[in-house]
file run21.txt (compact mmCIF, C-alpha atoms (C1' of nucleotides))
# COMPACT_ATOMS: atom_id res chain seq x y z
CA MET J 11 -58.16 2.15 -48.37
CA GLY J 12 -59.15 -0.03 -45.49
CA SER J 13 -61.88 -1.23 -43.25
CA HIS J 14 -59.63 -2.14 -40.40
CA GLN J 15 -60.98 0.12 -37.72
CA GLN J 16 -62.77 -2.44 -35.67
CA ALA J 17 -60.12 -5.13 -35.92
CA ALA J 18 -57.29 -2.81 -34.99
CA ALA J 19 -59.10 -0.99 -32.23
CA GLY J 20 -56.85 -0.18 -29.29
CA LYS J 21 -53.85 -1.76 -30.95
CA ARG J 22 -50.49 -0.12 -31.33
CA ALA J 23 -49.60 1.54 -34.62
CA ASP J 24 -47.38 -1.21 -35.98
CA ALA J 25 -49.86 -3.86 -34.96
CA ALA J 26 -52.65 -2.12 -36.81
CA ARG J 27 -50.39 -1.77 -39.83
CA ASN J 28 -49.58 -5.45 -39.82
CA ILE J 29 -53.17 -6.47 -39.40
CA ALA J 30 -54.02 -4.41 -42.45
CA ALA J 31 -51.17 -5.94 -44.43
CA ILE J 32 -52.29 -9.42 -43.42
CA THR J 33 -55.92 -9.04 -44.35
CA ASP J 34 -54.98 -7.40 -47.63
CA ALA J 35 -52.56 -10.16 -48.53
CA ALA J 36 -54.97 -12.85 -47.42
CA LEU J 37 -57.77 -11.32 -49.46
CA ASP J 38 -55.57 -11.22 -52.50
CA LEU J 39 -54.17 -14.71 -52.20
CA PHE J 40 -57.33 -16.39 -51.10
CA SER J 41 -59.29 -14.91 -53.96
CA ARG J 42 -57.14 -16.88 -56.32
CA ASP J 43 -56.31 -20.06 -54.44
CA ARG J 44 -58.07 -21.57 -51.48
CA THR J 45 -55.17 -23.89 -50.66
CA VAL J 46 -52.88 -21.13 -49.42
CA SER J 47 -51.42 -21.89 -46.03
CA MET J 48 -50.96 -19.56 -43.11
CA ALA J 49 -47.27 -19.53 -43.95
CA ASP J 50 -48.02 -18.28 -47.45
CA VAL J 51 -50.17 -15.48 -46.15
CA ALA J 52 -47.59 -14.45 -43.59
CA ARG J 53 -44.85 -14.36 -46.20
CA ALA J 54 -46.95 -12.34 -48.62
CA ALA J 55 -47.80 -9.89 -45.88
CA GLY J 56 -44.15 -9.54 -44.94
CA VAL J 57 -44.83 -10.82 -41.47
CA GLY J 58 -43.69 -13.70 -39.31
CA ARG J 59 -45.97 -16.66 -39.13
CA VAL J 60 -46.15 -16.32 -35.37
CA THR J 61 -47.25 -12.71 -35.61
CA LEU J 62 -50.02 -13.85 -37.85
CA TYR J 63 -51.25 -16.23 -35.19
CA ALA J 64 -50.97 -13.45 -32.65
CA HIS J 65 -53.69 -11.55 -34.47
CA PHE J 66 -55.77 -14.36 -35.87
CA PRO J 67 -55.93 -17.34 -33.56
CA SER J 68 -56.77 -19.77 -36.31
CA ARG J 69 -56.96 -20.13 -40.03
CA GLU J 70 -60.70 -20.12 -39.79
CA ALA J 71 -60.68 -16.84 -37.91
CA LEU J 72 -58.52 -15.24 -40.56
CA LEU J 73 -60.75 -16.37 -43.38
CA ASP J 74 -63.74 -15.15 -41.49
CA ALA J 75 -62.15 -11.74 -41.08
CA VAL J 76 -61.24 -11.59 -44.76
CA LEU J 77 -64.74 -12.41 -45.80
CA ALA J 78 -66.18 -9.92 -43.36
CA ALA J 79 -63.92 -7.19 -44.70
CA ALA J 80 -64.91 -7.88 -48.29
CA ILE J 81 -68.58 -7.92 -47.43
CA GLU J 82 -68.32 -4.73 -45.47
CA GLN J 83 -66.65 -3.11 -48.41
CA ALA J 84 -69.50 -4.19 -50.64
CA ASP J 85 -71.99 -3.05 -48.07
CA ARG J 86 -70.51 0.43 -48.01
CA ALA J 87 -70.55 0.62 -51.78
CA LEU J 88 -74.18 -0.41 -51.85
CA ASP J 89 -75.03 2.22 -49.33
CA ALA J 90 -73.15 4.86 -51.27
CA CYS J 91 -75.37 4.45 -54.32
CA SER J 92 -78.33 5.64 -52.25
CA PRO J 93 -80.79 2.82 -52.86
CA GLU J 94 -83.51 4.73 -51.04
CA GLU J 95 -83.76 7.47 -53.62
CA GLY J 96 -85.59 7.60 -56.91
CA PRO J 97 -87.76 4.94 -58.56
CA ALA J 98 -87.02 1.45 -57.31
CA ASP J 99 -86.05 0.02 -60.67
CA GLU J 100 -83.56 2.79 -61.36
CA ALA J 101 -82.15 2.47 -57.87
CA PHE J 102 -81.87 -1.23 -58.43
CA ALA J 103 -79.92 -0.74 -61.63
CA ARG J 104 -77.48 1.49 -59.75
CA LEU J 105 -77.18 -1.09 -57.03
CA VAL J 106 -76.40 -3.90 -59.42
CA ARG J 107 -73.65 -1.97 -61.14
CA SER J 108 -72.22 -0.92 -57.82
CA ALA J 109 -72.27 -4.44 -56.48
CA TRP J 110 -70.61 -5.72 -59.60
CA SER J 111 -67.74 -3.30 -59.41
CA ILE J 112 -66.85 -4.65 -55.98
CA LEU J 113 -67.51 -8.26 -56.84
CA ASP J 114 -65.35 -7.98 -59.90
CA LYS J 115 -62.34 -7.21 -57.74
CA HIS J 116 -62.54 -10.41 -55.72
CA ARG J 117 -63.95 -12.79 -58.27
CA GLY J 118 -62.66 -16.04 -56.84
CA LEU J 119 -63.25 -15.16 -53.22
CA HIS J 120 -66.84 -16.24 -53.06
CA VAL J 121 -66.26 -19.78 -54.29
CA ASN J 122 -63.26 -20.31 -52.08
CA ALA J 123 -64.85 -18.88 -48.99
CA LEU J 124 -67.92 -20.98 -49.61
CA ALA J 125 -65.77 -24.06 -49.86
CA GLU J 126 -64.03 -23.49 -46.57
CA LEU J 127 -66.58 -21.68 -44.45
CA GLY J 128 -69.73 -23.50 -45.47
CA THR J 129 -73.06 -22.35 -46.77
CA ASP J 130 -74.50 -21.33 -43.44
CA ARG J 131 -71.73 -19.02 -42.35
CA MET J 132 -71.73 -17.55 -45.81
CA ARG J 133 -75.38 -16.79 -45.53
CA ALA J 134 -74.94 -15.26 -42.11
CA GLY J 135 -72.16 -13.02 -43.31
CA HIS J 136 -74.17 -11.76 -46.21
CA ALA J 137 -77.28 -11.15 -44.16
CA PRO J 138 -76.92 -7.38 -43.72
CA THR J 139 -76.08 -6.83 -47.37
CA LEU J 140 -78.88 -9.05 -48.55
CA GLY J 141 -81.11 -7.12 -46.22
CA ARG J 142 -80.49 -4.02 -48.30
CA VAL J 143 -81.42 -5.84 -51.46
CA GLU J 144 -84.51 -7.25 -49.87
CA ARG J 145 -85.69 -3.85 -48.71
CA LEU J 146 -85.16 -2.36 -52.12
CA ILE J 147 -87.07 -5.11 -53.87
CA ALA J 148 -89.89 -4.82 -51.34
CA ARG J 149 -90.05 -1.11 -52.04
CA GLY J 150 -90.25 -1.84 -55.75
CA GLN J 151 -93.08 -4.24 -55.12
CA ALA J 152 -94.95 -1.61 -53.13
CA GLU J 153 -94.44 0.89 -55.94
CA GLY J 154 -95.79 -1.61 -58.42
CA VAL J 155 -92.67 -1.79 -60.57
CA PHE J 156 -91.61 -5.24 -59.36
CA ARG J 157 -93.56 -8.45 -59.49
CA THR J 158 -95.26 -9.85 -56.41
CA ASP J 159 -96.11 -13.34 -57.62
CA LEU J 160 -92.81 -14.84 -56.47
CA PRO J 161 -91.50 -15.20 -52.91
CA LEU J 162 -89.40 -12.24 -51.83
CA THR J 163 -86.74 -14.58 -50.49
CA TRP J 164 -86.40 -16.18 -53.85
CA LEU J 165 -86.02 -12.90 -55.67
CA VAL J 166 -83.21 -11.94 -53.32
CA THR J 167 -81.54 -15.30 -53.84
CA THR J 168 -81.83 -14.82 -57.56
CA VAL J 169 -80.02 -11.51 -57.46
CA TYR J 170 -77.33 -12.85 -55.18
CA SER J 171 -76.84 -15.97 -57.18
CA LEU J 172 -76.68 -14.36 -60.61
CA LEU J 173 -74.31 -11.70 -59.39
CA HIS J 174 -71.88 -14.38 -58.31
CA ALA J 175 -72.51 -16.46 -61.38
CA ALA J 176 -71.45 -13.45 -63.39
CA ALA J 177 -68.23 -13.25 -61.42
CA ALA J 178 -67.50 -16.88 -62.19
CA GLU J 179 -68.30 -16.28 -65.83
CA ALA J 180 -65.85 -13.42 -66.01
CA ASP J 181 -63.25 -15.38 -64.11
CA SER J 182 -63.31 -18.21 -66.59
CA GLY J 183 -63.09 -15.80 -69.47
CA LEU J 184 -66.41 -16.69 -71.07
CA LEU J 185 -67.64 -13.13 -70.84
CA THR J 186 -65.67 -9.94 -70.49
CA PRO J 187 -66.01 -7.98 -67.24
CA GLU J 188 -66.95 -4.85 -69.20
CA ALA J 189 -69.93 -6.47 -70.86
CA LEU J 190 -71.36 -7.89 -67.68
CA PRO J 191 -72.93 -4.89 -65.94
CA ALA J 192 -75.32 -4.36 -68.82
CA VAL J 193 -76.08 -8.06 -69.11
CA LEU J 194 -76.73 -8.31 -65.41
CA GLU J 195 -78.99 -5.33 -65.37
CA THR J 196 -81.21 -6.52 -68.19
CA THR J 197 -81.33 -10.05 -66.85
CA LEU J 198 -82.24 -9.09 -63.33
CA LEU J 199 -84.79 -6.51 -64.34
CA ALA J 200 -86.36 -9.08 -66.63
CA ILE J 201 -86.93 -11.20 -63.59
CA LEU J 202 -88.11 -8.47 -61.28
CA ARG J 203 -90.48 -6.65 -63.57
CA PRO J 204 -94.10 -7.81 -63.45
CA PRO J 205 -95.16 -10.31 -66.13
CA LEU J 206 -96.88 -8.94 -69.21
CA THR J 207 -100.50 -9.76 -68.61
CA MET R 11 -81.24 -47.77 -60.47
CA GLY R 12 -77.66 -47.65 -61.55
CA SER R 13 -75.19 -46.21 -63.97
CA HIS R 14 -72.39 -48.57 -63.18
CA GLN R 15 -71.95 -50.27 -66.49
CA GLN R 16 -68.85 -48.49 -67.65
CA ALA R 17 -67.08 -48.44 -64.30
CA ALA R 18 -67.64 -52.12 -63.69
CA ALA R 19 -66.82 -53.26 -67.20
CA GLY R 20 -65.02 -56.58 -67.30
CA LYS R 21 -65.04 -56.88 -63.52
CA ARG R 22 -66.19 -59.88 -61.62
CA ALA R 23 -69.72 -59.95 -60.22
CA ASP R 24 -68.80 -59.20 -56.61
CA ALA R 25 -66.47 -56.44 -57.67
CA ALA R 26 -69.17 -54.77 -59.68
CA ARG R 27 -71.54 -55.10 -56.76
CA ASN R 28 -69.06 -53.44 -54.41
CA ILE R 29 -68.32 -50.64 -56.82
CA ALA R 30 -72.01 -49.91 -56.98
CA ALA R 31 -72.30 -49.99 -53.20
CA ILE R 32 -69.36 -47.65 -52.88
CA THR R 33 -70.53 -45.02 -55.32
CA ASP R 34 -74.01 -45.13 -53.85
CA ALA R 35 -72.74 -44.66 -50.33
CA ALA R 36 -70.28 -41.99 -51.39
CA LEU R 37 -72.98 -40.11 -53.23
CA ASP R 38 -75.21 -40.23 -50.22
CA LEU R 39 -72.62 -39.20 -47.66
CA PHE R 40 -70.88 -36.63 -49.76
CA SER R 41 -74.13 -34.90 -50.58
CA ARG R 42 -74.47 -34.07 -46.93
CA ASP R 43 -70.93 -33.58 -45.71
CA ARG R 44 -67.81 -32.92 -47.70
CA THR R 45 -65.51 -33.84 -44.81
CA VAL R 46 -66.27 -37.53 -45.00
CA SER R 47 -63.13 -39.62 -45.13
CA MET R 48 -62.42 -42.66 -47.26
CA ALA R 49 -62.84 -44.72 -44.12
CA ASP R 50 -66.32 -43.35 -43.63
CA VAL R 51 -67.32 -44.18 -47.16
CA ALA R 52 -65.90 -47.67 -46.92
CA ARG R 53 -67.76 -48.35 -43.70
CA ALA R 54 -71.03 -47.04 -45.07
CA ALA R 55 -70.62 -49.19 -48.15
CA GLY R 56 -69.92 -52.26 -46.03
CA VAL R 57 -66.53 -52.65 -47.59
CA GLY R 58 -62.94 -52.70 -46.39
CA ARG R 59 -61.02 -49.51 -46.77
CA VAL R 60 -58.43 -51.28 -48.85
CA THR R 61 -61.02 -52.59 -51.24
CA LEU R 62 -62.14 -49.06 -51.72
CA TYR R 63 -58.66 -48.07 -52.80
CA ALA R 64 -58.53 -51.07 -55.07
CA HIS R 65 -61.31 -49.55 -57.15
CA PHE R 66 -60.66 -45.87 -56.71
CA PRO R 67 -56.96 -45.06 -56.51
CA SER R 68 -57.49 -41.80 -54.71
CA ARG R 69 -60.08 -39.76 -52.95
CA GLU R 70 -60.16 -37.39 -55.85
CA ALA R 71 -60.87 -40.23 -58.26
CA LEU R 72 -63.78 -41.38 -56.14
CA LEU R 73 -65.30 -37.94 -55.95
CA ASP R 74 -64.87 -37.56 -59.64
CA ALA R 75 -66.69 -40.82 -60.23
CA VAL R 76 -69.50 -39.83 -57.91
CA LEU R 77 -69.98 -36.53 -59.66
CA ALA R 78 -69.87 -38.19 -63.04
CA ALA R 79 -72.51 -40.69 -61.98
CA ALA R 80 -74.83 -37.98 -60.72
CA ILE R 81 -74.39 -35.92 -63.84
CA GLU R 82 -75.00 -38.88 -66.06
CA GLN R 83 -78.18 -39.59 -64.16
CA ALA R 84 -79.32 -36.04 -64.74
CA ASP R 85 -78.32 -36.27 -68.35
CA ARG R 86 -80.45 -39.32 -68.88
CA ALA R 87 -83.41 -37.67 -67.22
CA LEU R 88 -83.02 -34.63 -69.43
CA ASP R 89 -82.92 -36.80 -72.47
CA ALA R 90 -85.99 -38.72 -71.37
CA CYS R 91 -88.17 -35.62 -71.41
CA SER R 92 -87.59 -35.30 -75.14
CA PRO R 93 -86.37 -31.71 -75.40
CA GLU R 94 -86.45 -31.90 -79.19
CA GLU R 95 -90.19 -32.18 -79.41
CA GLY R 96 -92.86 -29.51 -79.26
CA PRO R 97 -92.49 -25.75 -78.88
CA ALA R 98 -89.20 -24.74 -77.30
CA ASP R 99 -90.71 -22.99 -74.31
CA GLU R 100 -92.88 -25.95 -73.42
CA ALA R 101 -89.98 -28.30 -73.88
CA PHE R 102 -87.93 -26.05 -71.66
CA ALA R 103 -90.51 -26.14 -68.93
CA ARG R 104 -90.41 -29.92 -69.03
CA LEU R 105 -86.66 -29.87 -68.89
CA VAL R 106 -86.54 -27.62 -65.86
CA ARG R 107 -88.94 -29.78 -63.90
CA SER R 108 -87.04 -32.86 -64.89
CA ALA R 109 -83.71 -31.38 -63.92
CA TRP R 110 -85.10 -30.28 -60.60
CA SER R 111 -86.37 -33.70 -59.69
CA ILE R 112 -82.85 -35.05 -60.01
CA LEU R 113 -81.16 -32.10 -58.41
CA ASP R 114 -83.51 -32.27 -55.47
CA LYS R 115 -82.20 -35.70 -54.61
CA HIS R 116 -78.59 -34.62 -54.22
CA ARG R 117 -79.03 -31.08 -53.00
CA GLY R 118 -75.75 -30.66 -51.20
CA LEU R 119 -73.65 -32.47 -53.75
CA HIS R 120 -73.06 -29.54 -56.01
CA VAL R 121 -71.62 -27.26 -53.36
CA ASN R 122 -69.43 -29.95 -51.91
CA ALA R 123 -68.13 -31.17 -55.21
CA LEU R 124 -67.44 -27.64 -56.26
CA ALA R 125 -65.46 -27.09 -53.09
CA GLU R 126 -63.26 -30.09 -53.58
CA LEU R 127 -63.01 -30.48 -57.33
CA GLY R 128 -62.80 -26.86 -58.37
CA THR R 129 -64.74 -24.75 -60.82
CA ASP R 130 -62.98 -25.94 -63.96
CA ARG R 131 -63.50 -29.64 -63.45
CA MET R 132 -67.07 -28.91 -62.48
CA ARG R 133 -67.60 -27.08 -65.71
CA ALA R 134 -66.00 -29.85 -67.71
CA GLY R 135 -68.19 -32.47 -66.11
CA HIS R 136 -71.35 -30.54 -66.84
CA ALA R 137 -70.39 -29.81 -70.41
CA PRO R 138 -72.52 -32.49 -72.09
CA THR R 139 -75.58 -31.67 -70.00
CA LEU R 140 -75.18 -27.95 -70.51
CA GLY R 141 -74.86 -28.70 -74.18
CA ARG R 142 -78.42 -29.99 -74.17
CA VAL R 143 -79.65 -26.84 -72.52
CA GLU R 144 -77.74 -24.70 -74.94
CA ARG R 145 -79.18 -26.47 -77.94
CA LEU R 146 -82.69 -26.13 -76.62
CA ILE R 147 -82.32 -22.43 -75.95
CA ALA R 148 -80.81 -21.91 -79.37
CA ARG R 149 -83.78 -23.66 -80.90
CA GLY R 150 -86.09 -21.39 -78.96
CA GLN R 151 -84.24 -18.38 -80.25
CA ALA R 152 -84.58 -19.64 -83.80
CA GLU R 153 -88.28 -20.15 -83.26
CA GLY R 154 -88.59 -16.62 -81.93
CA VAL R 155 -89.90 -17.58 -78.50
CA PHE R 156 -86.64 -16.79 -76.67
CA ARG R 157 -84.73 -13.54 -76.58
CA THR R 158 -81.61 -13.00 -78.65
CA ASP R 159 -80.26 -9.84 -77.09
CA LEU R 160 -78.21 -11.66 -74.49
CA PRO R 161 -75.24 -13.98 -75.04
CA LEU R 162 -76.23 -17.61 -75.34
CA THR R 163 -73.50 -18.61 -72.91
CA TRP R 164 -74.96 -16.32 -70.32
CA LEU R 165 -78.44 -17.69 -70.69
CA VAL R 166 -77.14 -21.19 -70.14
CA THR R 167 -75.20 -20.07 -67.09
CA THR R 168 -78.31 -18.44 -65.76
CA VAL R 169 -80.31 -21.63 -66.00
CA TYR R 170 -77.54 -23.68 -64.43
CA SER R 171 -76.95 -21.22 -61.67
CA LEU R 172 -80.57 -20.68 -60.67
CA LEU R 173 -81.24 -24.40 -60.70
CA HIS R 174 -78.52 -24.92 -58.15
CA ALA R 175 -79.48 -21.85 -56.20
CA ALA R 176 -82.90 -23.39 -55.84
CA ALA R 177 -81.34 -26.55 -54.46
CA ALA R 178 -79.48 -24.53 -51.88
CA GLU R 179 -82.67 -22.68 -51.03
CA ALA R 180 -84.51 -25.90 -50.44
CA ASP R 181 -81.63 -27.33 -48.48
CA SER R 182 -81.61 -24.47 -46.02
CA GLY R 183 -85.35 -24.71 -45.61
CA LEU R 184 -86.18 -21.27 -46.94
CA LEU R 185 -88.43 -22.69 -49.60
CA THR R 186 -90.16 -26.03 -49.78
CA PRO R 187 -89.04 -28.45 -52.49
CA GLU R 188 -92.60 -28.78 -53.70
CA ALA R 189 -92.98 -25.09 -54.40
CA LEU R 190 -89.77 -24.77 -56.33
CA PRO R 191 -90.55 -26.32 -59.71
CA ALA R 192 -93.22 -23.70 -60.40
CA VAL R 193 -91.04 -20.89 -59.09
CA LEU R 194 -88.14 -22.03 -61.21
CA GLU R 195 -90.24 -22.32 -64.32
CA THR R 196 -91.71 -18.83 -64.11
CA THR R 197 -88.38 -17.29 -63.19
CA LEU R 198 -86.44 -18.88 -65.98
CA LEU R 199 -89.07 -18.28 -68.60
CA ALA R 200 -89.21 -14.65 -67.51
CA ILE R 201 -85.54 -14.41 -68.39
CA LEU R 202 -85.71 -16.34 -71.64
CA ARG R 203 -88.79 -14.76 -73.17
CA PRO R 204 -88.16 -11.77 -75.39
CA PRO R 205 -88.62 -8.34 -73.78
CA LEU R 206 -91.97 -6.67 -74.27
CA THR R 207 -91.20 -4.08 -76.91
C1' DA B 24 -35.69 7.05 -21.01
C1' DT B 25 -38.40 3.69 -19.57
C1' DT B 26 -41.80 0.33 -20.29
C1' DA B 27 -44.86 -2.63 -22.28
C1' DA B 28 -46.58 -4.08 -26.55
C1' DG B 29 -45.21 -6.07 -30.51
C1' DT B 30 -42.28 -8.87 -33.61
C1' DC B 31 -39.07 -12.36 -34.95
C1' DG B 32 -37.23 -17.14 -36.02
C1' DT B 33 -36.65 -21.51 -34.87
C1' DA B 34 -38.19 -25.51 -33.10
C1' DC B 35 -41.53 -28.93 -31.58
C1' DA B 36 -45.63 -31.70 -30.85
C1' DC B 37 -49.75 -33.03 -32.95
C1' DC B 38 -53.19 -34.67 -35.59
C1' DC B 39 -55.47 -37.05 -39.00
C1' DA B 40 -56.36 -38.44 -43.50
C1' DT B 41 -54.00 -40.41 -47.32
C1' DG B 42 -51.97 -44.06 -49.60
C1' DT B 43 -49.23 -48.71 -49.48
C1' DA B 44 -47.70 -53.41 -48.06
C1' DC B 45 -48.64 -57.84 -46.49
C1' DG B 46 -50.54 -62.47 -45.72
C1' DG B 47 -54.56 -64.90 -45.25
C1' DT B 48 -59.43 -66.00 -46.67
C1' DT B 49 -63.51 -65.92 -49.43
C1' DT B 50 -65.98 -66.26 -53.73
C1' DA B 51 -67.06 -66.04 -58.50
C1' DA B 52 -65.98 -68.21 -63.03
C1' DG B 53 -64.73 -71.78 -66.25
C1' DC W 13 -62.82 -78.44 -58.65
C1' DT W 14 -59.48 -75.71 -59.58
C1' DT W 15 -57.78 -71.19 -60.18
C1' DA W 16 -57.32 -66.54 -60.12
C1' DA W 17 -59.61 -62.56 -58.94
C1' DA W 18 -61.28 -60.14 -55.31
C1' DC W 19 -61.96 -59.56 -50.58
C1' DC W 20 -60.52 -58.72 -45.62
C1' DG W 21 -58.01 -56.46 -41.45
C1' DT W 22 -54.16 -54.80 -39.57
C1' DA W 23 -50.28 -52.35 -39.62
C1' DC W 24 -47.07 -48.90 -41.26
C1' DA W 25 -45.07 -44.95 -43.64
C1' DT W 26 -45.88 -40.24 -44.98
C1' DG W 27 -46.81 -35.70 -45.26
C1' DG W 28 -48.13 -31.18 -44.46
C1' DG W 29 -50.56 -27.92 -42.25
C1' DT W 30 -51.94 -26.36 -37.67
C1' DG W 31 -51.20 -24.44 -33.42
C1' DT W 32 -47.86 -23.53 -29.29
C1' DA W 33 -43.56 -22.54 -26.57
C1' DC W 34 -39.62 -20.06 -26.05
C1' DG W 35 -36.07 -16.31 -25.60
C1' DA W 36 -34.29 -12.38 -27.76
C1' DC W 37 -34.80 -8.26 -30.27
C1' DT W 38 -37.25 -3.89 -31.91
C1' DT W 39 -40.41 -0.38 -31.86
C1' DA W 40 -44.08 2.63 -30.51
C1' DA W 41 -46.12 5.30 -26.69
C1' DT W 42 -46.01 8.54 -22.60

call {"tool": "encode", "arguments": {"input": "run21.txt", "output": "structure tokens"}}
result
Amino acid sequence: MGSHQQAAAGKRADAARNIAAITDAALDLFSRDRTVSMADVARAAGVGRVTLYAHFPSREALLDAVLAAAIEQADRALDACSPEEGPADEAFARLVRSAWSILDKHRGLHVNALAELGTDRMRAGHAPTLGRVERLIARGQAEGVFRTDLPLTWLVTTVYSLLHAAAAEADSGLLTPEALPAVLETTLLAILRPPLT
Amino acid sequence: MGSHQQAAAGKRADAARNIAAITDAALDLFSRDRTVSMADVARAAGVGRVTLYAHFPSREALLDAVLAAAIEQADRALDACSPEEGPADEAFARLVRSAWSILDKHRGLHVNALAELGTDRMRAGHAPTLGRVERLIARGQAEGVFRTDLPLTWLVTTVYSLLHAAAAEADSGLLTPEALPAVLETTLLAILRPPLT
DNA sequence: ATTAAGTCGTACACCCATGTACGGTTTAAG
DNA sequence: CTTAAACCGTACATGGGTGTACGACTTAAT
């Protein structure tokens, strides 16, 4: 269950295997605690610290790779729910649920990555995924099911931001992960749908 | 323009003055860059590094104080717009604009503080302020102008989260700070108002 | 079977911010 | 005017993570 093709391209079999183990371990650890050291990651991956550095020249590079992997995973999931088909609002509902199922797996990751990588890099990494959302919303606007009196950028930000807020909410136990998809869907559609008058 | 009464209680005049200078400088610097060192803060405040430590035993303590000061400032502003008076939705609109005017001043602070202090402490610090919001929304629900089919906790989170998302949006230049109050108001009211049927 | 890629552990240098200790000087307070 | 609180700079100790160098061993590929 990996997305390690591009990172392990041209590598030997054991190298590829280790790279996968490292990113998996790093994803897991880093989602829970941003203070993990390279040594921690190496140990959890069952790999020497030096080997770790052989594949990821710096801590920053590793974190970047982890984030990229998670985003790519989300991106694939979003694509798999075929956002181009059917009415925009129904497609959007599918997309939200799909996004949540991925996000729910890595709840803490977003906050931690944001802390260490900075807002800008975060934004850059999410660009392709947010592009999907933007296109879908634009389509909904064209179809007349979504409102047009707010900036498109802002609507995208809203979706992004509430999705992650939901993850934080689940992580701190205020709301149960099972209840959230429905809550998210109604909330976001309430924003996107055109006002009454 | 200060909230330094409780921190400087019983201190001598010059001490109080320095404490004020320190928190002001720290607030300013830290809102833009979380990597500022104690030395940086001290220099910006026109104070010896040692003096800084005399008042704030650790970096963490300083950051905590800075956050607390900012939150208290926001809290006072929220109180000043008399959220108890008038129809709940109108009061809410006032509250949002008021909150934004404060938030706009310290745009980066939230992200940086979150990075260094952690989600839990962040939540704890905001508790009193969020309490105000919660009470107002509850009042709106009782008056029938706000929806009741979503958890109250979630509605509060939504407000909090979109407010800060707006700050980030302004900070990265995607939207102008002047346009945001209106955008925020319509967005949040769209969520809070009961669904059409 | 040969080779090159990969892995291992240990060890080291480094950096830089944090936090403390000291002794001397200023400044507010009574 | 006297005193104690508060200030100053400099200097030092510390720690812990980062990143690199090495030499030897193991494993995949052809």

call {"tool": "closest_atom_pairs", "arguments": {"input": "run21.txt", "of": "chain R", "to": "chain J", "cutoff": "6 Å", "atoms": "all atoms listed in the file", "output": "Markdown table"}}
result
| residue | atom | partner | partner_atom | distance |
| --- | --- | --- | --- | --- |
| R:Ala125 | CA | J:Ala125 | CA | 4.4 |
| R:Ala200 | CA | J:Ile201 | CA | 5.7 |
| R:Ile201 | CA | J:Ala200 | CA | 5.7 |

call {"tool": "residues_around", "arguments": {"input": "run21.txt", "residues": "stretch 39-53 of chain B", "least_positions_apart": "6", "cutoff": "12 Å", "atoms": "all atoms listed in the file", "output": "MDAnalysis selection string"}}
result
(chainID R and resid 21:27 45:50 59:60 62:64 66:70) or (chainID W and resid 13:30)

call {"tool": "interface_residues", "arguments": {"input": "run21.txt", "of": "chain B", "to": "chain J", "cutoff": "8 Å", "atoms": "all atoms listed in the file", "output": "PyMOL selection string"}}
result
chain B and resi 28-31

call {"tool": "residues_around", "arguments": {"input": "run21.txt", "residues": "R:His116", "least_positions_apart": "2", "cutoff": "8 Å", "atoms": "only C-alpha atoms (C1' of nucleotides)", "output": "count of residues only"}}
result
9

call {"tool": "atom_distance", "arguments": {"input": "run21.txt", "atom1": "atom CA of J:Gln151", "atom2": "atom CA of J:Ser108"}}
result
21.3 Å

call {"tool": "residues_around", "arguments": {"input": "run21.txt", "residues": "W:DA33", "least_positions_apart": "6", "cutoff": "12 Å", "atoms": "only C-alpha atoms (C1' of nucleotides)", "output": "ChimeraX atom specification"}}
result
/J:60 /B:33-36

call {"tool": "residues_near_point", "arguments": {"input": "run21.txt", "point": "(-73.1, -7.6, -44.3)", "cutoff": "7 Å", "atoms": "only C-alpha atoms (C1' of nucleotides)", "output": "compact mmCIF listing (two decimals) with C-alpha atoms, keeping the file's coordinate frame"}}
result
# COMPACT_ATOMS: atom_id res chain seq x y z
CA ILE J 81 -68.58 -7.92 -47.43
CA GLU J 82 -68.32 -4.73 -45.47
CA ASP J 85 -71.99 -3.05 -48.07
CA GLY J 135 -72.16 -13.02 -43.31
CA HIS J 136 -74.17 -11.76 -46.21
CA ALA J 137 -77.28 -11.15 -44.16
CA PRO J 138 -76.92 -7.38 -43.72
CA THR J 139 -76.08 -6.83 -47.37

call {"tool": "atom_distance", "arguments": {"input": "run21.txt", "atom1": "atom CA of J:Arg42", "atom2": "atom CA of J:Asp181"}}
result
10.0 Å

call {"tool": "axis_aligned_box", "arguments": {"input": "run21.txt", "around": "stretch 124-135 of chain R", "padding_each_side": "5 Å", "output": "JSON"}}
result
{"center_x": -65.5, "center_y": -28.6, "center_z": -60.4, "size_x": 15.4, "size_y": 17.7, "size_z": 24.6}

call {"tool": "residues_around", "arguments": {"input": "run21.txt", "residues": "R:Trp110", "least_positions_apart": "4", "cutoff": "8 Å", "atoms": "all atoms listed in the file", "output": "compact mmCIF listing (two decimals) with C-alpha atoms, in the coordinates of the input"}}
result
# COMPACT_ATOMS: atom_id res chain seq x y z
CA VAL R 106 -86.54 -27.62 -65.86
CA ASP R 114 -83.51 -32.27 -55.47
CA LEU R 173 -81.24 -24.40 -60.70
CA PRO R 191 -90.55 -26.32 -59.71

call {"tool": "residues_around", "arguments": {"input": "run21.txt", "residues": "R:Ala35", "least_positions_apart": "3", "cutoff": "10 Å", "atoms": "all atoms listed in the file", "output": "list in words"}}
result
Ile29, Ala30, Ala31, Ile32, Asp38, Leu39, Phe40, Ser41, Asp50, Val51, Ala52, Arg53, Ala54, Ala55, Gly56 and Val76 of chain R

call {"tool": "atom_distance", "arguments": {"input": "run21.txt", "atom1": "atom CA of R:Leu77", "atom2": "atom CA of R:Arg117"}}
result
12.5 Å

call {"tool": "residues_near_point", "arguments": {"input": "run21.txt", "point": "(-81.6, -22.1, -76.6)", "cutoff": "10 Å", "atoms": "all atoms listed in the file", "output": "PyMOL selection string"}}
result
chain R and resi 98-99+102+141-153+155-158+162-163+165-166+202
